[in-house]
Structure formats: structure tokens, C-alpha cells
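Chemist: mmCIF, C-alpha atoms, file data.cif:
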data_input
#
loop_
_atom_site.label_atom_id
_atom_site.label_comp_id
_atom_site.auth_asym_id
_atom_site.auth_seq_id
_atom_site.Cartn_x
_atom_site.Cartn_y
_atom_site.Cartn_z
CA ALA A 954 -14.60 -10.69 0.07
CA GLN A 955 -11.22 -9.96 1.60
CA LYS A 956 -8.47 -10.99 -0.76
CA VAL A 957 -5.58 -10.88 1.68
CA THR A 958 -5.69 -12.12 5.25
CA GLN A 959 -3.03 -11.39 7.81
CA ALA A 960 -4.31 -13.21 10.85
CA GLN A 961 -1.66 -11.91 13.23
CA THR A 962 -2.56 -8.44 14.43
CA GLU A 963 0.48 -7.91 16.62
CA ILE A 964 3.71 -9.77 17.29
CA SER A 965 6.19 -8.85 19.99
CA VAL A 966 9.67 -10.37 20.10
CA VAL A 967 12.98 -9.77 21.79
CA GLU A 968 15.91 -8.70 19.66
CA LYS A 969 17.65 -11.51 17.78
CA GLU A 970 14.56 -13.69 17.76
CA ASP A 971 13.16 -14.77 14.41
CA VAL A 972 9.65 -13.67 13.50
CA THR A 973 7.37 -15.05 10.80
CA LEU A 974 4.46 -13.09 9.42
CA ASP A 975 1.64 -15.05 7.82
CA CYS A 976 -0.21 -13.99 4.70
CA VAL A 977 -3.02 -15.94 3.04
CA TYR A 978 -4.55 -14.70 -0.18
CA GLU A 979 -7.56 -15.48 -2.30
CA THR A 980 -7.97 -15.05 -6.04
CA ARG A 981 -9.55 -16.87 -8.96
CA ASP A 982 -7.01 -15.56 -11.44
CA THR A 983 -4.10 -17.71 -12.56
CA THR A 984 -1.87 -14.67 -13.03
CA TYR A 985 -1.43 -12.52 -9.97
CA TYR A 986 1.24 -10.74 -7.99
CA LEU A 987 2.03 -10.69 -4.30
CA PHE A 988 3.83 -7.99 -2.38
CA TRP A 989 5.12 -7.09 1.05
CA TYR A 990 5.39 -3.54 2.31
CA LYS A 991 6.83 -2.12 5.53
CA GLN A 992 5.42 0.90 7.34
CA PRO A 993 7.83 2.09 10.05
CA PRO A 994 6.68 4.46 12.81
CA SER A 995 7.62 7.41 10.59
CA GLY A 996 4.64 6.46 8.41
CA GLU A 997 5.96 5.94 4.90
CA LEU A 998 5.21 2.75 2.98
CA VAL A 999 8.32 0.93 1.83
CA PHE A 1000 8.20 -1.73 -0.88
CA LEU A 1001 10.01 -4.94 0.12
CA ILE A 1002 9.28 -7.62 -2.47
CA ARG A 1003 7.13 -8.64 -5.42
CA ARG A 1004 6.35 -12.19 -6.49
CA ASN A 1005 4.38 -13.37 -9.50
CA SER A 1006 2.14 -16.43 -9.41
CA PHE A 1007 4.40 -18.43 -11.70
CA ASP A 1008 7.49 -18.10 -9.58
CA GLU A 1009 7.33 -20.17 -6.43
CA GLN A 1010 10.99 -19.89 -5.62
CA ASN A 1011 11.64 -18.73 -2.12
CA GLU A 1012 13.68 -15.58 -1.79
CA ILE A 1013 16.20 -14.34 0.72
CA SER A 1014 17.43 -10.80 1.04
CA GLY A 1015 19.75 -10.30 3.98
CA ARG A 1016 17.77 -11.07 7.12
CA TYR A 1017 14.48 -11.18 5.19
CA SER A 1018 13.10 -14.28 3.52
CA TRP A 1019 9.83 -15.12 1.84
CA ASN A 1020 8.06 -18.43 1.41
CA PHE A 1021 5.50 -18.62 -1.39
CA GLN A 1022 3.28 -21.71 -1.47
CA LYS A 1023 0.53 -21.79 -4.06
CA SER A 1024 -0.86 -25.04 -2.65
CA THR A 1025 -1.84 -23.24 0.54
CA SER A 1026 -2.27 -19.75 -1.02
CA SER A 1027 0.29 -18.36 1.36
CA PHE A 1028 3.14 -15.89 1.06
CA ASN A 1029 4.85 -15.76 4.43
CA PHE A 1030 7.63 -13.43 5.49
CA THR A 1031 10.38 -14.20 7.99
CA ILE A 1032 12.73 -11.76 9.66
CA THR A 1033 15.77 -13.56 11.02
CA ALA A 1034 17.64 -12.23 14.03
CA SER A 1035 15.24 -9.32 14.44
CA GLN A 1036 16.48 -5.86 15.35
CA VAL A 1037 14.74 -2.89 16.95
CA VAL A 1038 14.74 -1.15 13.56
CA ASP A 1039 12.48 -3.91 12.25
CA SER A 1040 9.66 -2.59 14.42
CA ALA A 1041 6.95 -1.58 11.97
CA VAL A 1042 3.62 -2.56 10.49
CA TYR A 1043 4.05 -5.07 7.68
CA PHE A 1044 1.49 -5.38 4.93
CA CYS A 1045 0.95 -8.19 2.49
CA ALA A 1046 -0.80 -7.22 -0.75
CA LEU A 1047 -2.21 -8.84 -3.87
CA LYS A 1048 -2.77 -7.55 -7.36
CA ASP A 1049 -4.74 -9.69 -9.79
CA ASN A 1050 -6.67 -8.97 -12.95
CA ASP A 1051 -8.78 -6.20 -11.45
CA TYR A 1052 -5.58 -4.08 -11.26
CA LYS A 1053 -6.26 -3.13 -7.64
CA LEU A 1054 -3.45 -3.52 -5.13
CA SER A 1055 -5.42 -5.02 -2.23
CA PHE A 1056 -3.77 -4.93 1.16
CA GLY A 1057 -4.16 -7.13 4.19
CA ALA A 1058 -4.92 -5.53 7.54
CA GLY A 1059 -1.24 -5.49 8.50
CA THR A 1060 0.78 -7.06 11.29
CA THR A 1061 2.42 -4.80 13.85
CA VAL A 1062 5.85 -6.11 14.82
CA THR A 1063 7.49 -4.79 17.95
CA VAL A 1064 11.09 -5.78 18.58
CA ARG A 1065 12.22 -5.13 22.16
CA ALA A 1066 15.85 -4.55 23.03
CA ASP B 190 15.28 13.37 -5.19
CA THR B 191 11.89 12.23 -3.91
CA ALA B 192 10.29 9.73 -6.27
CA VAL B 193 6.66 10.32 -5.23
CA SER B 194 5.97 13.52 -3.36
CA GLN B 195 2.74 14.77 -1.91
CA THR B 196 1.86 18.09 -0.39
CA PRO B 197 0.94 19.03 2.19
CA LYS B 198 2.17 16.48 4.71
CA TYR B 199 -0.31 17.64 7.34
CA LEU B 200 -3.67 19.28 6.78
CA VAL B 201 -5.99 20.42 9.56
CA THR B 202 -9.26 21.95 8.45
CA GLN B 203 -12.81 22.58 9.57
CA MET B 204 -15.86 20.60 8.56
CA GLY B 205 -17.45 21.87 5.41
CA ASN B 206 -14.25 23.22 3.87
CA ASP B 207 -12.83 22.21 0.50
CA LYS B 208 -9.21 21.09 0.28
CA SER B 209 -6.74 19.65 -2.21
CA ILE B 210 -3.78 17.33 -1.91
CA LYS B 211 -1.18 17.37 -4.65
CA CYS B 212 0.95 14.48 -5.85
CA GLU B 213 3.83 14.32 -8.27
CA GLN B 214 6.05 11.45 -9.37
CA ASN B 215 9.37 11.69 -11.18
CA LEU B 216 9.71 7.99 -11.94
CA GLY B 217 8.25 8.17 -15.44
CA HIS B 218 5.44 5.82 -14.40
CA ASP B 219 2.18 5.51 -16.33
CA THR B 220 -0.09 4.64 -13.40
CA MET B 221 -0.95 6.62 -10.29
CA TYR B 222 -3.18 5.88 -7.32
CA TRP B 223 -4.80 7.37 -4.26
CA TYR B 224 -5.13 5.24 -1.15
CA LYS B 225 -6.78 6.01 2.16
CA GLN B 226 -5.40 4.64 5.43
CA ASP B 227 -7.84 4.76 8.32
CA SER B 228 -7.12 4.93 12.03
CA LYS B 229 -6.79 1.15 12.20
CA LYS B 230 -4.09 1.28 9.52
CA PHE B 231 -6.29 -0.36 6.90
CA LEU B 232 -5.28 0.68 3.37
CA LYS B 233 -7.97 0.99 0.75
CA ILE B 234 -7.66 2.03 -2.85
CA MET B 235 -9.72 5.04 -3.89
CA PHE B 236 -8.69 5.82 -7.45
CA SER B 237 -6.28 4.71 -10.12
CA TYR B 238 -5.26 6.55 -13.28
CA ASN B 239 -3.37 5.09 -16.19
CA ASN B 240 -1.96 7.51 -18.78
CA LYS B 241 -4.30 10.19 -17.37
CA GLU B 242 -7.35 7.97 -17.79
CA LEU B 243 -9.45 6.99 -14.77
CA ILE B 244 -9.31 3.22 -14.44
CA ILE B 245 -10.41 2.48 -10.89
CA ASN B 246 -13.02 4.44 -9.01
CA GLU B 247 -13.90 2.64 -5.81
CA THR B 248 -16.99 3.33 -3.75
CA VAL B 249 -15.90 6.79 -2.77
CA PRO B 250 -18.28 9.69 -2.05
CA ASN B 251 -18.44 12.02 -5.02
CA ARG B 252 -17.13 14.77 -2.76
CA PHE B 253 -13.75 13.26 -3.67
CA SER B 254 -12.56 14.16 -7.14
CA PRO B 255 -9.20 13.19 -8.57
CA LYS B 256 -7.59 15.14 -11.39
CA SER B 257 -4.64 14.09 -13.50
CA PRO B 258 -3.35 17.01 -15.57
CA ASP B 259 -0.53 14.85 -16.91
CA LYS B 260 1.04 11.44 -16.27
CA ALA B 261 3.31 12.79 -13.56
CA HIS B 262 0.60 14.41 -11.44
CA LEU B 263 -2.50 13.19 -9.67
CA ASN B 264 -4.29 15.60 -7.37
CA LEU B 265 -7.14 14.88 -4.99
CA HIS B 266 -9.78 17.47 -4.29
CA ILE B 267 -12.23 17.00 -1.44
CA ASN B 268 -15.39 19.07 -1.10
CA SER B 269 -17.47 19.66 2.01
CA LEU B 270 -15.11 17.85 4.33
CA GLU B 271 -16.61 15.67 7.04
CA LEU B 272 -15.20 14.35 10.31
CA GLY B 273 -15.06 10.84 8.82
CA ASP B 274 -12.66 12.00 6.11
CA SER B 275 -9.91 12.26 8.72
CA ALA B 276 -7.27 9.75 7.64
CA VAL B 277 -3.87 9.48 6.00
CA TYR B 278 -4.03 9.74 2.22
CA PHE B 279 -1.29 8.13 0.19
CA CYS B 280 -0.44 8.78 -3.41
CA ALA B 281 1.43 6.06 -5.28
CA SER B 282 2.70 5.28 -8.74
CA SER B 283 3.69 2.17 -10.69
CA GLN B 284 5.11 1.44 -14.11
CA GLY B 285 1.79 0.11 -15.34
CA LEU B 286 -1.54 -1.38 -14.38
CA GLU B 287 -0.45 -4.97 -14.10
CA GLY B 288 1.91 -6.59 -11.64
CA TYR B 289 4.32 -3.76 -11.05
CA GLU B 290 5.08 -2.68 -7.51
CA ALA B 291 3.70 0.65 -6.38
CA PHE B 292 5.88 3.33 -4.84
CA PHE B 293 4.20 5.49 -2.25
CA GLY B 294 4.49 9.11 -1.23
CA GLN B 295 5.02 9.99 2.41
CA GLY B 296 1.30 10.46 3.04
CA THR B 297 -0.90 13.41 3.94
CA ARG B 298 -2.46 13.31 7.38
CA LEU B 299 -5.84 15.02 7.07
CA THR B 300 -7.62 16.03 10.26
CA VAL B 301 -11.11 17.45 10.03
CA VAL B 302 -12.28 19.31 13.15
#
Give the structure from the file, written as C-alpha cells.
Modeler:
Amino acid sequence: AQKVTQAQTEISVVEKEDVTLDCVYETRDTTYYLFWYKQPPSGELVFLIRRNSFDEQNEISGRYSWNFQKSTSSFNFTITASQVVDSAVYFCALKDNDYKLSFGAGTTVTVRA
Amino acid sequence: DTAVSQTPKYLVTQMGNDKSIKCEQNLGHDTMYWYKQDSKKFLKIMFSYNNKELIINETVPNRFSPKSPDKAHLNLHINSLELGDSAVYFCASSQGLEGYEAFFGQGTRLTVV
């Protein structure tokens, strides 16, 4: 069974628009960790954030913000005032007690000038 | 100073050949991984080593054999390459097995012709 679902395959926005990427996860463990990674066109995977299951505080880092809601098993990611450099594939991932970092299928974000 | 480095970056080879991809991390991490990214960008774990011990061995053909000579290195050897092995292979490392974020190498694009 897929542990992480990113229902949006592709999102296209114009610069300065906000974009929200959805992530829904599934686990039976009470202790687990959620992550977001960015894969720009150059191909490397860049770590953005880690959240543990006991910390539901939302987080903001510059133009990036994350909304973690255990009640809906979601860990959504918002880019505010998007820029062309934000164009990338964004992956949500989950690690629970099987120690495997399981990735969602990714959402391709294209920001047009 | 590259944290996780893999070589080569590109590998083009004929069906039936044997090839190796090398990975080294200088982060002092205990855990290393191999991931495969297919043409649809889906990332799947192949192997995980912790302190040189194999922890995760996903459903991978036994033509794939990882080797960890020490904690800082995890190499991937592939025998009798097939067309379907064409993909991007990522090495990664993390502080430990549990909820630590993984840092990825730049990837090796393997093309089997």
C-alpha cells in the first residue's frame, strides 16, 4: 500500500502566485517522520524539512511554509510569491518504524515568468 | 566539499555487461542507502546499510549487489545489465536508521543499450 500520496501531478503558476502542494500519508505507527525534498531540473535531491509526529507546529522558512495536520494525515507545503527558481519536482516522504524513507510520486511545479 | 558523492555521474553500457557505482559520504553518518528513480521520477528504496550491516533489502533482482567496505562507502554492483535497469540511481546517507533526514548524492544516470 502506498504510504505517501501526492495527488497533484503537475502545477503551473505565474510568478508571484502562491502554490500549495498536498501530501497525505498513511501509517499505523505513532512515531513517524515526514519530509519534503526538492528536485530541481539539475537533478539533485535537496532536503527541505523534517517533521516528527509529535510536533504539529506549523513552520515557516522564508517563502516556504508547512502545515502538518495529524487529524487529516496531511503535511502540505506552500510556496509564497513563487519565483522561476522554484520550478522543480517536490517530493513528500515518510519514515516510520520500518526505517524506509518512502516517497510520494512527486509534484512538478512550473513557475512561469 | 561534497557531502555525498557518487561516481560516475553518467554510465552508458551494453546489455549483459557488469558495472559498479561508487558512493562515499564525509558526513560521519552511520546509515547509507541506494534508491532508484525511474523515468516517471518515482523514487524507490533498494538497500539500506547501518554500520556496514544490511538492514533493508527490497525486492531487487539479485543481479544487484551492494557492498559496504566501511561506514563511509556503499557501492552498488550490477551484473548482466538489462534494458529495464536504465534509471537514475541515488546514494544517500543519514545519521541513523530512525527519523533523521537523508542527504543524497547527485545521482548516476545509467543507460543500458
Chemist: Could you list, as an MDAnalysis selection string, every residue within 8 Å of B:Gly205, counting only C-alpha atoms and ignoring same-chain residues fewer than 5 positions away?
Modeler: chainID B and resid 268:271
Chemist: For chain A against chain B, which residues fall within 9 Å using all atoms listed in the file, given as an NGL selection string?
Modeler: :A and (985-988 or 995-1000 or 1002-1005 or 1042 or 1048-1059)
Chemist: Which residue out of B:Asp207, B:His262, B:Ile267, B:Pro250 has the minimum interatomic distance to B:Val193 when all atoms listed in the file are used?
Modeler: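 Checking each of B:Asp207, B:His262, B:Ile267, B:Pro250 against B:Val193, counting all atoms listed in the file, the winner is B:His262.
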Chemist: Around (9.6, -14.6, 5.2) in the file's frame, which residues reach within 9 Å when counting all atoms listed in the file? Return as a PDB file with C-alpha atoms, in the frame of the given file?
Modeler:
ATOM      1  CA  VAL A 972       9.650 -13.670  13.500  1.00  0.00           C
ATOM      2  CA  THR A 973       7.370 -15.050  10.800  1.00  0.00           C
ATOM      3  CA  LEU A 974       4.460 -13.090   9.420  1.00  0.00           C
ATOM      4  CA  ASP A 975       1.640 -15.050   7.820  1.00  0.00           C
ATOM      5  CA  ASN A1011      11.640 -18.730  -2.120  1.00  0.00           C
ATOM      6  CA  GLU A1012      13.680 -15.580  -1.790  1.00  0.00           C
ATOM      7  CA  ILE A1013      16.200 -14.340   0.720  1.00  0.00           C
ATOM      8  CA  TYR A1017      14.480 -11.180   5.190  1.00  0.00           C
ATOM      9  CA  SER A1018      13.100 -14.280   3.520  1.00  0.00           C
ATOM     10  CA  TRP A1019       9.830 -15.120   1.840  1.00  0.00           C
ATOM     11  CA  ASN A1020       8.060 -18.430   1.410  1.00  0.00           C
ATOM     12  CA  PHE A1021       5.500 -18.620  -1.390  1.00  0.00           C
ATOM     13  CA  PHE A1028       3.140 -15.890   1.060  1.00  0.00           C
ATOM     14  CA  ASN A1029       4.850 -15.760   4.430  1.00  0.00           C
ATOM     15  CA  PHE A1030       7.630 -13.430   5.490  1.00  0.00           C
ATOM     16  CA  THR A1031      10.380 -14.200   7.990  1.00  0.00           C
ATOM     17  CA  ILE A1032      12.730 -11.760   9.660  1.00  0.00           C
ATOM     18  CA  THR A1033      15.770 -13.560  11.020  1.00  0.00           C
TER      19      THR A1033
END
Chemist: Can you list what the PyMOL selection byres ((chain B and resi 238-241) around 10) grabs from this structure, as a PyMOL selection string?
Modeler: chain B and resi 218-223+236-237+242-246+255-263+282-286
Chemist: Within 6 Å of A:Ser1040, counting all atoms listed in the file, which residues qualify if same-chain residues fewer than 3 places away don't, as a tab-separated table (two decimals) with C-alpha atoms, in the frame of the given file?
Modeler:
chain	number	residue	atom	x	y	z
A	1037	VAL	CA	14.74	-2.89	16.95
A	1062	VAL	CA	5.85	-6.11	14.82
A	1063	THR	CA	7.49	-4.79	17.95
A	1064	VAL	CA	11.09	-5.78	18.58
Chemist: Nearest to B:Ala192 among B:Thr248, B:Lys225, B:Val302, B:Cys280, with distances taken over all atoms listed in the file: which residue is it?
Modeler: B:Cys280
Chemist: Contacts of B:Leu272 at 9 Å or less, counting all atoms listed in the file, minus same-chain residues fewer than 2 places along, as a list in words?
Modeler: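 The residues satisfying every condition are Gln203, Met204, Leu270, Asp274, Ser275, Thr300, Val301 and Val302 of chain B.
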